[in-house]
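*Asks:* Just so it is clear, I am handing over upload23.txt, which has compact mmCIF, C-alpha atoms.
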# COMPACT_ATOMS: atom_id res chain seq x y z
CA MET A 1 87.79 161.65 75.49
CA ALA A 2 88.94 162.42 71.98
CA VAL A 3 91.14 165.42 71.66
CA HIS A 4 91.58 167.60 68.63
CA PRO A 5 94.31 170.05 67.84
CA PRO A 6 93.00 173.57 68.20
CA ALA A 7 93.34 175.83 65.25
CA GLY A 8 96.29 178.14 65.49
CA SER A 9 99.08 176.02 66.82
CA GLY A 10 98.40 172.44 65.81
CA LEU A 11 99.76 171.39 69.20
CA VAL A 12 97.96 168.87 71.34
CA VAL A 13 99.06 169.06 74.93
CA PRO A 14 97.45 166.44 77.14
CA GLY A 15 97.16 167.96 80.58
CA TYR A 16 97.19 166.23 83.92
CA GLU A 17 94.22 165.69 86.19
CA ARG A 18 93.60 168.03 89.08
CA PRO A 19 92.34 165.64 91.74
CA SER A 20 90.75 167.33 94.72
CA GLY A 21 90.60 166.22 98.31
CA ALA A 22 94.14 164.88 98.69
CA HIS A 23 96.59 167.70 99.32
CA PRO A 24 96.67 169.75 102.52
CA PRO A 25 95.86 173.46 102.41
CA LEU A 26 98.91 175.73 102.48
CA ASP A 27 97.37 177.76 105.28
CA PHE A 28 96.92 175.41 108.25
CA ALA A 29 97.18 177.24 111.57
CA ARG A 30 97.84 174.16 113.72
CA TYR A 31 101.17 173.79 111.93
CA ARG A 32 102.75 176.97 113.20
CA SER A 33 105.45 177.32 110.55
CA THR A 34 102.74 177.95 107.94
CA ALA A 35 101.89 181.31 109.59
CA LEU A 36 104.61 183.35 107.89
CA ARG A 37 105.24 181.10 104.92
CA ALA A 38 101.91 180.15 103.35
CA PRO A 39 100.98 182.58 100.56
CA ARG A 40 97.93 184.66 101.43
CA ARG A 41 96.78 185.56 97.95
CA PRO A 42 94.76 183.09 95.91
CA LEU A 43 96.75 180.88 93.55
CA VAL A 44 96.38 181.64 89.85
CA LEU A 45 95.15 178.69 87.80
CA LEU A 46 97.88 177.54 85.41
CA PRO A 47 96.52 175.48 82.49
CA HIS A 48 99.06 172.82 81.50
CA ARG A 49 101.22 173.83 78.58
CA LEU A 50 104.53 172.46 77.33
CA THR A 51 106.56 173.36 80.42
CA GLU A 52 104.06 171.64 82.72
CA ILE A 53 103.56 168.40 80.77
CA THR A 54 107.29 167.79 80.49
CA GLY A 55 109.74 167.45 83.34
CA PRO A 56 113.18 166.26 84.30
CA LEU A 57 113.84 162.60 83.52
CA LEU A 58 116.75 162.06 85.82
CA GLY A 59 118.26 159.24 87.65
CA ALA A 60 120.18 156.44 86.04
CA GLU A 61 123.39 158.45 86.00
CA ARG A 62 122.78 159.73 89.54
CA ILE A 63 122.46 156.51 91.49
CA THR A 64 124.07 153.19 92.21
CA PRO A 65 122.26 150.11 93.47
CA ALA A 66 123.91 150.67 96.87
CA ASP A 67 121.97 153.92 97.27
CA ALA A 68 118.80 151.93 97.97
CA ASP A 69 120.31 150.18 101.03
CA LEU A 70 120.64 152.67 103.87
CA THR A 71 122.00 149.96 106.15
CA ALA A 72 125.07 149.36 103.97
CA GLN A 73 126.51 152.82 103.53
CA HIS A 74 129.07 152.60 106.33
CA GLU A 75 131.63 150.25 107.73
CA ASP A 76 129.20 148.73 110.21
CA GLU A 77 125.46 148.32 110.32
CA PRO A 78 123.30 151.02 111.90
CA GLN A 79 121.44 150.49 115.17
CA GLY A 80 117.73 149.79 114.94
CA GLN A 81 115.08 147.58 113.43
CA ARG A 82 115.93 146.62 109.86
CA ILE A 83 113.02 147.17 107.48
CA ILE A 84 112.22 146.81 103.80
CA VAL A 85 110.10 149.59 102.30
CA SER A 86 108.76 148.68 98.90
CA GLY A 87 105.84 149.34 96.61
CA ARG A 88 104.86 150.79 93.26
CA VAL A 89 104.65 154.27 91.86
CA LEU A 90 101.40 154.64 89.90
CA ASP A 91 99.32 157.46 88.53
CA THR A 92 95.69 158.12 89.39
CA GLY A 93 94.72 156.17 86.28
CA GLY A 94 96.41 153.08 87.75
CA ARG A 95 99.30 153.14 85.28
CA ALA A 96 102.80 152.36 86.50
CA VAL A 97 105.36 155.18 86.50
CA PRO A 98 108.59 153.47 85.38
CA ASP A 99 112.20 154.69 85.58
CA THR A 100 111.45 157.57 87.90
CA LEU A 101 113.80 158.86 90.58
CA ILE A 102 112.80 158.47 94.22
CA GLU A 103 114.80 160.20 96.94
CA ILE A 104 114.28 159.51 100.65
CA TRP A 105 115.64 160.92 103.89
CA GLN A 106 114.92 160.09 107.52
CA PRO A 107 116.18 160.25 111.11
CA ASN A 108 117.98 157.34 112.74
CA ALA A 109 116.44 154.78 115.08
CA ALA A 110 116.74 157.23 117.97
CA GLY A 111 114.81 159.91 116.10
CA ARG A 112 117.72 162.16 115.18
CA TYR A 113 118.62 163.47 111.73
CA ARG A 114 122.22 163.80 110.62
CA HIS A 115 121.70 167.54 110.23
CA GLN A 116 123.41 170.36 112.10
CA VAL A 117 120.11 172.04 112.95
CA ASP A 118 118.69 168.94 114.64
CA ASP A 119 119.35 169.54 118.35
CA HIS A 120 117.23 166.69 119.69
CA PRO A 121 119.44 165.22 122.43
CA ALA A 122 119.33 161.69 121.04
CA PRO A 123 122.46 159.92 119.86
CA LEU A 124 123.71 160.14 116.30
CA ASP A 125 124.61 156.84 114.72
CA PRO A 126 127.98 156.84 112.98
CA ASN A 127 126.72 154.07 110.73
CA PHE A 128 123.60 155.80 109.50
CA THR A 129 123.29 158.77 107.16
CA GLY A 130 119.57 158.40 106.48
CA VAL A 131 119.60 159.21 102.76
CA GLY A 132 118.59 156.89 99.92
CA ARG A 133 117.82 156.97 96.21
CA CYS A 134 116.50 154.56 93.65
CA LEU A 135 114.79 154.38 90.28
CA THR A 136 111.51 152.57 89.79
CA ASP A 137 111.74 149.57 87.46
CA SER A 138 109.72 149.06 84.29
CA GLN A 139 106.66 148.15 86.42
CA GLY A 140 107.00 151.20 88.64
CA ARG A 141 108.36 149.13 91.54
CA TYR A 142 110.86 150.42 94.09
CA ARG A 143 112.57 148.89 97.12
CA PHE A 144 114.61 150.37 99.96
CA VAL A 145 116.39 148.66 102.86
CA THR A 146 116.68 150.89 105.90
CA ILE A 147 116.01 150.99 109.63
CA LYS A 148 112.77 152.04 111.24
CA PRO A 149 113.03 155.76 112.01
CA GLY A 150 112.45 156.92 115.56
CA SER A 151 109.84 159.47 116.60
CA TYR A 152 111.15 162.82 117.77
CA PRO A 153 109.89 165.88 119.62
CA TRP A 154 109.45 169.29 118.03
CA ARG A 155 108.27 172.64 119.31
CA ASN A 156 105.06 173.14 117.36
CA HIS A 157 102.84 172.77 120.44
CA PRO A 158 103.35 171.54 124.02
CA ASN A 159 104.76 168.01 124.11
CA ALA A 160 104.60 167.69 120.34
CA TRP A 161 106.04 164.56 118.73
CA ARG A 162 106.24 163.58 115.08
CA PRO A 163 104.92 160.13 114.19
CA ALA A 164 107.71 157.98 112.74
CA HIS A 165 108.08 158.82 109.06
CA ILE A 166 110.34 158.67 106.02
CA HIS A 167 110.46 161.65 103.65
CA PHE A 168 109.89 160.78 99.97
CA SER A 169 110.59 162.96 96.94
CA LEU A 170 109.31 161.92 93.49
CA PHE A 171 109.57 163.43 90.02
CA GLY A 172 107.23 161.33 87.91
CA ARG A 173 107.61 162.26 84.25
CA ALA A 174 106.21 165.80 84.28
CA PHE A 175 106.63 168.98 86.26
CA THR A 176 102.98 168.57 87.16
CA GLN A 177 103.59 165.19 88.83
CA ARG A 178 106.34 166.37 91.19
CA LEU A 179 105.55 165.25 94.75
CA VAL A 180 107.25 165.48 98.13
CA THR A 181 105.52 163.57 100.89
CA GLN A 182 106.05 161.47 104.01
CA MET A 183 105.44 157.77 104.58
CA TYR A 184 104.10 156.73 107.97
CA PHE A 185 103.86 153.39 109.77
CA PRO A 186 100.65 151.54 110.67
CA GLY A 187 99.18 152.01 114.13
CA ASP A 188 101.37 154.92 115.18
CA PRO A 189 99.96 156.31 118.45
CA LEU A 190 101.15 159.81 117.60
CA PHE A 191 98.89 160.47 114.62
CA PHE A 192 96.14 162.15 116.62
CA GLN A 193 98.28 165.07 117.75
CA ASP A 194 100.34 165.63 114.61
CA PRO A 195 99.26 168.70 112.60
CA ILE A 196 101.32 167.74 109.54
CA PHE A 197 99.64 164.33 109.18
CA ASN A 198 96.25 165.83 110.03
CA SER A 199 96.58 168.72 107.58
CA VAL A 200 95.52 166.23 104.91
CA PRO A 201 91.76 165.74 104.36
CA GLU A 202 90.68 162.86 106.59
CA ALA A 203 89.65 160.57 103.74
CA ALA A 204 93.13 160.73 102.22
CA ARG A 205 95.27 160.33 105.35
CA ASP A 206 95.53 156.56 105.17
CA ARG A 207 97.16 156.88 101.74
CA MET A 208 100.27 158.05 103.59
CA ILE A 209 100.42 154.98 105.87
CA SER A 210 102.39 151.92 104.81
CA ARG A 211 101.13 148.47 105.72
CA PHE A 212 103.05 145.62 107.26
CA ASP A 213 103.57 142.87 104.69
CA LEU A 214 104.73 139.40 105.71
CA GLU A 215 105.49 138.51 102.09
CA LEU A 216 107.89 141.39 101.87
CA THR A 217 109.43 140.47 105.20
CA VAL A 218 112.81 138.76 104.86
CA PRO A 219 112.99 135.78 107.25
CA GLU A 220 115.44 136.31 110.12
CA ARG A 221 116.45 139.62 108.61
CA ALA A 222 114.01 142.51 108.13
CA LEU A 223 110.33 143.47 108.46
CA GLY A 224 108.52 144.44 105.29
CA PHE A 225 106.35 147.53 104.83
CA ARG A 226 104.48 148.07 101.58
CA TRP A 227 103.59 151.52 100.31
CA ASP A 228 102.27 152.48 96.89
CA ILE A 229 102.64 156.10 95.82
CA VAL A 230 100.11 157.64 93.45
CA LEU A 231 100.95 160.64 91.26
CA ARG A 232 98.59 162.70 89.14
CA GLY A 233 97.39 160.96 85.98
CA ARG A 234 96.85 162.21 82.47
CA GLY A 235 93.63 164.05 81.81
CA ALA A 236 92.14 165.37 78.63
CA ALA A 237 93.87 167.98 76.53
CA VAL A 238 93.48 171.29 78.27
CA PHE A 239 92.74 173.24 75.15
CA GLU A 240 89.95 172.14 72.86
CA GLN A 241 87.99 173.83 70.19
CA PRO A 242 85.02 175.56 71.76
CA ASP A 243 82.83 174.82 68.75
CA GLY A 244 81.75 171.50 67.36
CA HIS A 245 84.99 169.55 67.62
CA ARG A 246 84.15 167.57 70.71
CA MET B 1 91.38 151.13 87.75
CA SER B 2 91.88 154.42 89.49
CA ALA B 3 93.85 155.14 92.62
CA GLY B 4 93.74 157.94 95.16
CA LEU B 5 96.41 160.59 94.80
CA THR B 6 99.09 160.47 97.49
CA PRO B 7 98.88 163.67 99.56
CA SER B 8 101.73 166.15 99.71
CA GLN B 9 103.59 166.73 102.98
CA THR B 10 106.14 169.35 103.92
CA VAL B 11 109.83 168.72 103.21
CA GLY B 12 110.45 169.76 106.82
CA PRO B 13 113.58 171.45 108.17
CA PHE B 14 116.03 168.70 107.31
CA LEU B 15 115.71 168.42 103.52
CA ALA B 16 119.36 169.42 103.25
CA ILE B 17 120.49 165.92 104.17
CA GLY B 18 118.61 164.34 101.28
CA LEU B 19 117.83 166.62 98.37
CA PRO B 20 120.75 168.88 97.40
CA TRP B 21 123.06 167.64 94.65
CA PRO B 22 126.56 169.02 94.17
CA ASP B 23 125.70 169.84 90.54
CA GLY B 24 122.11 170.84 91.34
CA PRO B 25 122.43 174.58 90.68
CA PHE B 26 124.18 173.97 87.38
CA VAL B 27 121.64 173.32 84.64
CA VAL B 28 124.71 173.90 82.48
CA PRO B 29 128.36 174.19 83.56
CA GLU B 30 129.29 177.71 84.56
CA ASP B 31 131.73 178.15 81.65
CA THR B 32 129.11 177.33 79.00
CA PRO B 33 128.94 180.07 76.36
CA GLY B 34 125.84 182.16 76.98
CA ALA B 35 125.34 180.89 80.53
CA ILE B 36 123.25 183.12 82.78
CA THR B 37 123.03 183.13 86.56
CA ILE B 38 119.71 183.66 88.31
CA THR B 39 120.02 184.53 91.99
CA GLY B 40 117.57 185.66 94.60
CA VAL B 41 116.46 185.42 98.19
CA VAL B 42 113.42 183.56 99.47
CA ARG B 43 111.64 185.61 102.16
CA ASP B 44 108.76 184.94 104.53
CA GLY B 45 105.86 187.19 105.51
CA ALA B 46 108.02 189.05 108.04
CA GLY B 47 110.58 189.78 105.33
CA ASP B 48 113.08 187.41 106.91
CA PRO B 49 115.18 185.13 104.68
CA VAL B 50 114.00 181.53 104.49
CA THR B 51 117.18 179.59 105.13
CA ASP B 52 115.79 176.06 104.80
CA ALA B 53 114.05 176.17 101.42
CA LEU B 54 114.75 174.34 98.18
CA VAL B 55 114.27 176.07 94.83
CA GLU B 56 113.84 173.93 91.71
CA THR B 57 113.60 175.13 88.10
CA TRP B 58 112.45 173.47 84.87
CA GLN B 59 112.68 175.00 81.42
CA ALA B 60 113.08 174.58 77.67
CA ASP B 61 116.42 174.85 75.92
CA PRO B 62 117.43 178.00 73.98
CA ASP B 63 115.49 176.70 70.96
CA GLY B 64 112.34 176.29 73.01
CA ARG B 65 112.53 172.50 73.04
CA PHE B 66 112.33 170.04 75.91
CA ALA B 67 114.49 166.96 76.33
CA HIS B 68 111.34 164.95 76.92
CA PRO B 69 109.36 162.48 74.79
CA ASP B 70 106.05 164.18 75.61
CA ASP B 71 107.03 167.33 73.75
CA PRO B 72 104.56 166.87 70.85
CA ARG B 73 107.01 168.53 68.46
CA GLY B 74 109.47 165.73 69.12
CA ALA B 75 112.07 165.69 71.84
CA ALA B 76 114.99 168.05 71.71
CA SER B 77 118.43 166.65 71.29
CA PRO B 78 119.48 165.28 74.66
CA GLY B 79 122.23 166.95 76.64
CA PHE B 80 120.38 169.92 78.08
CA ARG B 81 119.15 168.87 81.52
CA GLY B 82 116.66 171.68 81.86
CA PHE B 83 116.44 171.13 85.61
CA GLY B 84 118.05 173.11 88.40
CA ARG B 85 117.92 172.62 92.14
CA CYS B 86 119.44 174.76 94.88
CA PRO B 87 118.88 174.84 98.64
CA THR B 88 118.81 178.33 100.16
CA GLY B 89 121.80 179.35 102.24
CA SER B 90 122.06 181.02 105.63
CA ASP B 91 121.12 184.30 103.92
CA GLY B 92 118.08 182.78 102.19
CA SER B 93 119.73 182.97 98.78
CA TYR B 94 119.75 180.49 95.92
CA ARG B 95 121.55 180.41 92.59
CA ILE B 96 120.80 178.70 89.29
CA VAL B 97 123.24 178.68 86.36
CA THR B 98 121.49 177.99 83.07
CA LEU B 99 120.83 179.09 79.49
CA LYS B 100 117.99 181.40 78.61
CA PRO B 101 115.12 179.31 77.27
CA GLY B 102 113.45 180.01 73.95
CA ALA B 103 109.84 181.05 73.47
CA LEU B 104 107.23 178.29 73.23
CA PRO B 105 104.20 177.75 71.06
CA SER B 106 101.08 177.59 73.20
CA PRO B 107 98.33 175.09 72.42
CA ASP B 108 95.80 177.93 72.36
CA GLY B 109 97.58 179.44 69.38
CA GLY B 110 99.63 182.10 71.15
CA THR B 111 103.27 182.15 72.13
CA GLU B 112 104.64 181.79 75.62
CA ALA B 113 107.45 184.18 76.44
CA PRO B 114 110.73 182.58 77.61
CA HIS B 115 110.25 181.41 81.19
CA LEU B 116 111.29 178.92 83.85
CA ASP B 117 108.79 177.02 85.98
CA VAL B 118 109.82 177.18 89.65
CA SER B 119 108.93 175.02 92.65
CA VAL B 120 109.70 176.16 96.19
CA PHE B 121 109.75 173.64 99.02
CA ALA B 122 110.26 174.49 102.69
CA ARG B 123 109.35 173.78 106.27
CA GLY B 124 105.97 175.44 106.75
CA LEU B 125 104.90 174.71 103.17
CA LEU B 126 102.60 171.69 103.26
CA ASP B 127 102.77 171.54 99.46
CA ARG B 128 105.28 173.09 97.08
CA VAL B 129 104.45 176.53 95.75
CA VAL B 130 104.89 177.12 92.02
CA THR B 131 105.82 180.29 90.25
CA ARG B 132 107.50 181.36 87.00
CA ILE B 133 110.56 183.43 86.15
CA TYR B 134 110.25 185.69 83.09
CA PHE B 135 112.95 187.83 81.51
CA PRO B 136 113.21 191.63 81.68
CA ASP B 137 114.53 191.99 78.13
CA GLU B 138 111.43 190.35 76.62
CA GLU B 139 108.93 193.13 77.14
CA GLN B 140 107.02 192.47 73.94
CA ALA B 141 106.88 188.71 74.41
CA ASN B 142 105.89 189.14 78.05
CA THR B 143 103.01 191.39 77.02
CA ALA B 144 101.74 188.66 74.67
CA ASP B 145 102.30 185.80 77.12
CA PRO B 146 99.03 183.98 77.87
CA VAL B 147 100.01 183.10 81.45
CA LEU B 148 101.00 186.64 82.41
CA ALA B 149 97.84 187.87 80.67
CA SER B 150 95.74 185.54 82.84
CA ILE B 151 96.84 187.18 86.08
CA ALA B 152 93.93 189.30 87.27
CA ASP B 153 96.05 191.19 89.80
CA ARG B 154 98.04 193.27 87.30
CA GLY B 155 100.32 194.51 90.04
CA GLY B 156 101.41 190.92 90.63
CA VAL B 157 102.79 190.46 87.12
CA ALA B 158 105.95 192.37 88.05
CA THR B 159 106.74 189.80 90.75
CA LEU B 160 107.36 187.24 87.98
CA ILE B 161 109.86 189.27 85.96
CA ALA B 162 113.48 188.97 86.97
CA ARG B 163 115.48 192.14 87.48
CA PRO B 164 118.31 192.75 85.05
CA SER B 165 121.93 193.57 85.56
CA PRO B 166 123.95 195.64 83.10
CA ASP B 167 125.48 192.63 81.38
CA ASN B 168 122.28 190.55 81.16
CA ALA B 169 124.28 187.56 82.37
CA ARG B 170 123.06 187.93 85.93
CA LEU B 171 119.42 188.16 86.85
CA ARG B 172 117.81 188.71 90.21
CA PHE B 173 114.58 186.94 91.18
CA ASP B 174 113.47 187.21 94.80
CA ILE B 175 110.64 185.03 96.02
CA HIS B 176 108.31 186.49 98.64
CA LEU B 177 106.21 183.71 100.10
CA GLN B 178 103.92 186.18 101.82
CA GLY B 179 103.44 189.88 102.52
CA ASP B 180 103.02 193.13 100.61
CA ARG B 181 105.40 191.96 97.89
CA GLU B 182 104.03 188.42 97.76
CA THR B 183 105.06 186.62 94.57
CA VAL B 184 102.29 185.37 92.31
CA PHE B 185 101.97 181.61 92.78
CA PHE B 186 100.14 179.20 90.49
CA ASP B 187 97.73 176.37 90.99
CA VAL B 188 99.44 173.89 88.72
Starting from the file, give its structure as structure tokens.
*Replies:*
Amino acid sequence: MAVHPPAGSGLVVPGYERPSGAHPPLDFARYRSTALRAPRRPLVLLPHRLTEITGPLLGAERITPADADLTAQHEDEPQGQRIIVSGRVLDTGGRAVPDTLIEIWQPNAAGRYRHQVDDHPAPLDPNFTGVGRCLTDSQGRYRFVTIKPGSYPWRNHPNAWRPAHIHFSLFGRAFTQRLVTQMYFPGDPLFFQDPIFNSVPEAARDRMISRFDLELTVPERALGFRWDIVLRGRGAAVFEQPDGHR
Amino acid sequence: MSAGLTPSQTVGPFLAIGLPWPDGPFVVPEDTPGAITITGVVRDGAGDPVTDALVETWQADPDGRFAHPDDPRGAASPGFRGFGRCPTGSDGSYRIVTLKPGALPSPDGGTEAPHLDVSVFARGLLDRVVTRIYFPDEEQANTADPVLASIADRGGVATLIARPSPDNARLRFDIHLQGDRETVFFDV
């Protein structure tokens, strides 16, 4: 769609798409922690202006190549199944998102986070912190080496267990593209009872599940899981002349 | 080719192992001339402090420019990070040290009053919530701001304006996720 600068400012601000049907609702009773935290009043629509179409471009100075290998951050190797997690960061238009910071965190192979609040009586692993960072390359590709996270119980409902997952945080290139999500593993038997996974509209849930990839698998070393992450793409300019300029 | 958007998921209770940065709260170093400190407490619907949240801010520099190539006026000179990030403490509080941003031209012809865009992440939030911090000493600009003007619930506008201190160097901005004093949040 052609865009024209509106009279008055001369600024053209290409907004980002507002795809529906992907994100979970904030108010989702099966996930009990939403009860006192999800806002009750309707959200106010914020058309995308300069603050929303720009965003922090961070990273190169914040990371070293070693940050992408969670199995090499200590004197010895962590316990657990070594895995490669790799894929591309794209936008909904299919364009690669290059040079963008990805941050991940996860529990160890026994399902315990290195966090003082995690009281799950599973062993900590002195050789595993569970935190990684990397930048996508010019094609939007990323790659982490880690160990497969364990499942763990929580107190949301009787006998509740989280499916194995890795937390992902992404910036994209605009405030509007910011995304925090979780990557899951194929065939996890715990999906059916997990309110966080199931808070997402059914048609979009499989977008959170990585797939096993033999090509990514390193012989005699580590299993490969491929996962592409899709951020919001550019839409048309939000502000257009109401008369005759379309 | 088009691809399906990846859904958001909660940061969960353990974000503190992965997301805080030692320099996160410091958009600028504390001894920068003109630096301001924005502090506040994140509270839930019961009024209790949210001790496992992450507050992130994004803003223009004092001239109203962004260090970003998509600023159609041309990118500002680099050096101003524009981004702040602070986990809440055991009292639910956060702190951001920054410079007051300038006003911005709006594509619809108006002028946006100085503001910061804010994201809040927490256990119990399946997606981030987004709000804005405006400044108490910008009454006229706030009145003309197109975003504040778009808020139908006029009583909610006050939730977006930080509270001053005598020296204007410290501002208070509490975030109420829910309840009688619920902050206005945006669908971004």
*Asks:* Please return as a PyMOL selection string every residue within 12 Å of (112.0, 164.4, 97.6), taking into account all atoms listed in the file and the file's own coordinates.
*Replies:* (chain A and resi 100-106+131-134+166-172+178-183) or (chain B and resi 8-12+14-21+54+56+85+121-122+127-128)
*Asks:* Would you compute the distance between atom CA of Ser199 of chain A and atom CA of Pro24 of chain A? Give it in Å to one decimal.
*Replies:*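 Computing it gives 5.2 Å between the two atoms.
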*Asks:* Enumerate, as an mmCIF file with C-alpha atoms, in the frame of the given file, the protein, DNA and RNA residues whose atoms approach (100.4, 172.0, 82.5) to within 6 Å, taking into account only C-alpha atoms and the coordinate frame of the file.
*Replies:*
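What follows is the written file out.cif:
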data_model
loop_
_atom_site.group_PDB
_atom_site.id
_atom_site.type_symbol
_atom_site.label_atom_id
_atom_site.label_comp_id
_atom_site.auth_asym_id
_atom_site.auth_seq_id
_atom_site.Cartn_x
_atom_site.Cartn_y
_atom_site.Cartn_z
ATOM 1 C CA GLY A 15 97.160 167.960 80.580
ATOM 2 C CA PRO A 47 96.520 175.480 82.490
ATOM 3 C CA HIS A 48 99.060 172.820 81.500
ATOM 4 C CA ARG A 49 101.220 173.830 78.580
ATOM 5 C CA GLU A 52 104.060 171.640 82.720
ATOM 6 C CA ILE A 53 103.560 168.400 80.770
#
*Asks:* Quote the spacing between atom CA of Leu190 of chain A and atom CA of Arg207 of chain A in Å to one decimal place.
*Replies:* 16.6 Å
*Asks:* Give one line per residue of chain B that approaches chain A to at most 7 Å, naming the two atoms of the closest pair and their distance in Å to one decimal, counting only C-alpha atoms; sort by chain then ascending residue number and deliver it as CSV.
*Replies:*
residue,atom,partner,partner_atom,distance
B:Met1,CA,A:Gly94,CA,5.4
B:Ser2,CA,A:Gly93,CA,4.6
B:Ala3,CA,A:Thr92,CA,4.8
B:Gly4,CA,A:Thr92,CA,6.1
B:Leu5,CA,A:Val230,CA,4.9
B:Thr6,CA,A:Val230,CA,5.0
B:Pro7,CA,A:His23,CA,4.6
B:Ser8,CA,A:Thr181,CA,4.7
B:Gln9,CA,A:Thr181,CA,4.3
B:Thr10,CA,A:Thr181,CA,6.6
B:Val11,CA,A:Val180,CA,6.6
B:Phe14,CA,A:His115,CA,6.5
B:Ile17,CA,A:His115,CA,6.4
B:Gly18,CA,A:Trp105,CA,5.2
B:Asp44,CA,A:Arg37,CA,5.2
B:Gly45,CA,A:Leu36,CA,4.7
B:Ala46,CA,A:Leu36,CA,6.6
B:Trp58,CA,A:Gly55,CA,6.8
B:Gln59,CA,A:Thr51,CA,6.4
B:His68,CA,A:Thr54,CA,6.1
B:Asp70,CA,A:Thr54,CA,6.2
B:Asp71,CA,A:Leu50,CA,6.7
B:Pro72,CA,A:Leu11,CA,6.8
B:Gly82,CA,A:Pro56,CA,6.9
B:Phe83,CA,A:Pro56,CA,6.0
B:Pro105,CA,A:Ser9,CA,6.9
B:Ser106,CA,A:Arg49,CA,6.6
B:Pro107,CA,A:Leu11,CA,5.1
B:Asp108,CA,A:Phe239,CA,6.3
B:Gly109,CA,A:Gly8,CA,4.3
B:Arg123,CA,A:Ser33,CA,6.8
B:Gly124,CA,A:Thr34,CA,4.3
B:Leu125,CA,A:Leu26,CA,6.1
B:Leu126,CA,A:Leu26,CA,5.5
B:Asp127,CA,A:Leu26,CA,6.4
B:Ile151,CA,A:Val44,CA,6.7
B:Leu177,CA,A:Pro39,CA,5.4
B:Gln178,CA,A:Pro39,CA,4.8
B:Phe185,CA,A:Leu43,CA,5.3
B:Phe186,CA,A:Val44,CA,4.5
B:Asp187,CA,A:Leu45,CA,4.7
B:Val188,CA,A:Leu46,CA,5.2
*Asks:* Counting all atoms listed in the file, which residue out of B:Ala169, B:Val118, B:Asp48, B:Thr98 sits closest to Glu30 of chain B?
*Replies:* B:Thr98
*Asks:* By how many Å are atom CA of Val147 of chain B and atom CA of Thr183 of chain B apart?
*Replies:*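 Atom CA of Thr183 of chain B lies at a distance of 14.5 Å from atom CA of Val147 of chain B.
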*Asks:* Within 10 Å of Asp137 of chain B, counting only C-alpha atoms, which residues show up once you throw out same-chain ones fewer than 4 positions away? Write them as a PDB file with C-alpha atoms, in the frame of the given file, please.
*Replies:*
ATOM      1  CA  ALA B 141     106.880 188.710  74.410  1.00  0.00           C
ATOM      2  CA  ASN B 142     105.890 189.140  78.050  1.00  0.00           C
ATOM      3  CA  ILE B 161     109.860 189.270  85.960  1.00  0.00           C
ATOM      4  CA  ALA B 162     113.480 188.970  86.970  1.00  0.00           C
ATOM      5  CA  ARG B 163     115.480 192.140  87.480  1.00  0.00           C
ATOM      6  CA  PRO B 164     118.310 192.750  85.050  1.00  0.00           C
ATOM      7  CA  ASN B 168     122.280 190.550  81.160  1.00  0.00           C
TER       8      ASN B 168
END
*Asks:* Generate the missing atoms of segment 50-60 of chain A up to N, CA and C atoms and report them as a CSV table (one decimal), in the frame of the given file.
*Replies:*
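Written out: rebuild16.csv:
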chain,number,residue,atom,x,y,z
A,50,LEU,N,103.4,173.3,77.6
A,50,LEU,CA,104.5,172.5,77.3
A,50,LEU,C,105.4,172.3,78.6
A,51,THR,N,105.6,173.4,79.3
A,51,THR,CA,106.6,173.4,80.4
A,51,THR,C,106.0,172.5,81.5
A,52,GLU,N,104.7,172.4,81.6
A,52,GLU,CA,104.1,171.6,82.7
A,52,GLU,C,103.9,170.2,82.4
A,53,ILE,N,103.8,169.8,81.1
A,53,ILE,CA,103.6,168.4,80.8
A,53,ILE,C,104.9,167.7,80.5
A,54,THR,N,106.0,168.4,80.6
A,54,THR,CA,107.3,167.8,80.5
A,54,THR,C,107.9,167.9,81.9
A,55,GLY,N,109.1,167.3,82.0
A,55,GLY,CA,109.7,167.4,83.3
A,55,GLY,C,111.0,166.7,83.3
A,56,PRO,N,111.9,166.9,84.3
A,56,PRO,CA,113.2,166.3,84.3
A,56,PRO,C,113.1,164.7,84.4
A,57,LEU,N,113.8,164.1,83.5
A,57,LEU,CA,113.8,162.6,83.5
A,57,LEU,C,115.3,162.3,83.9
A,58,LEU,N,115.4,162.2,85.2
A,58,LEU,CA,116.8,162.1,85.8
A,58,LEU,C,116.9,160.7,86.5
A,59,GLY,N,118.1,160.4,86.7
A,59,GLY,CA,118.3,159.2,87.6
A,59,GLY,C,119.4,158.3,87.4
A,60,ALA,N,119.3,157.6,86.2
A,60,ALA,CA,120.2,156.4,86.0
A,60,ALA,C,121.6,156.8,86.3
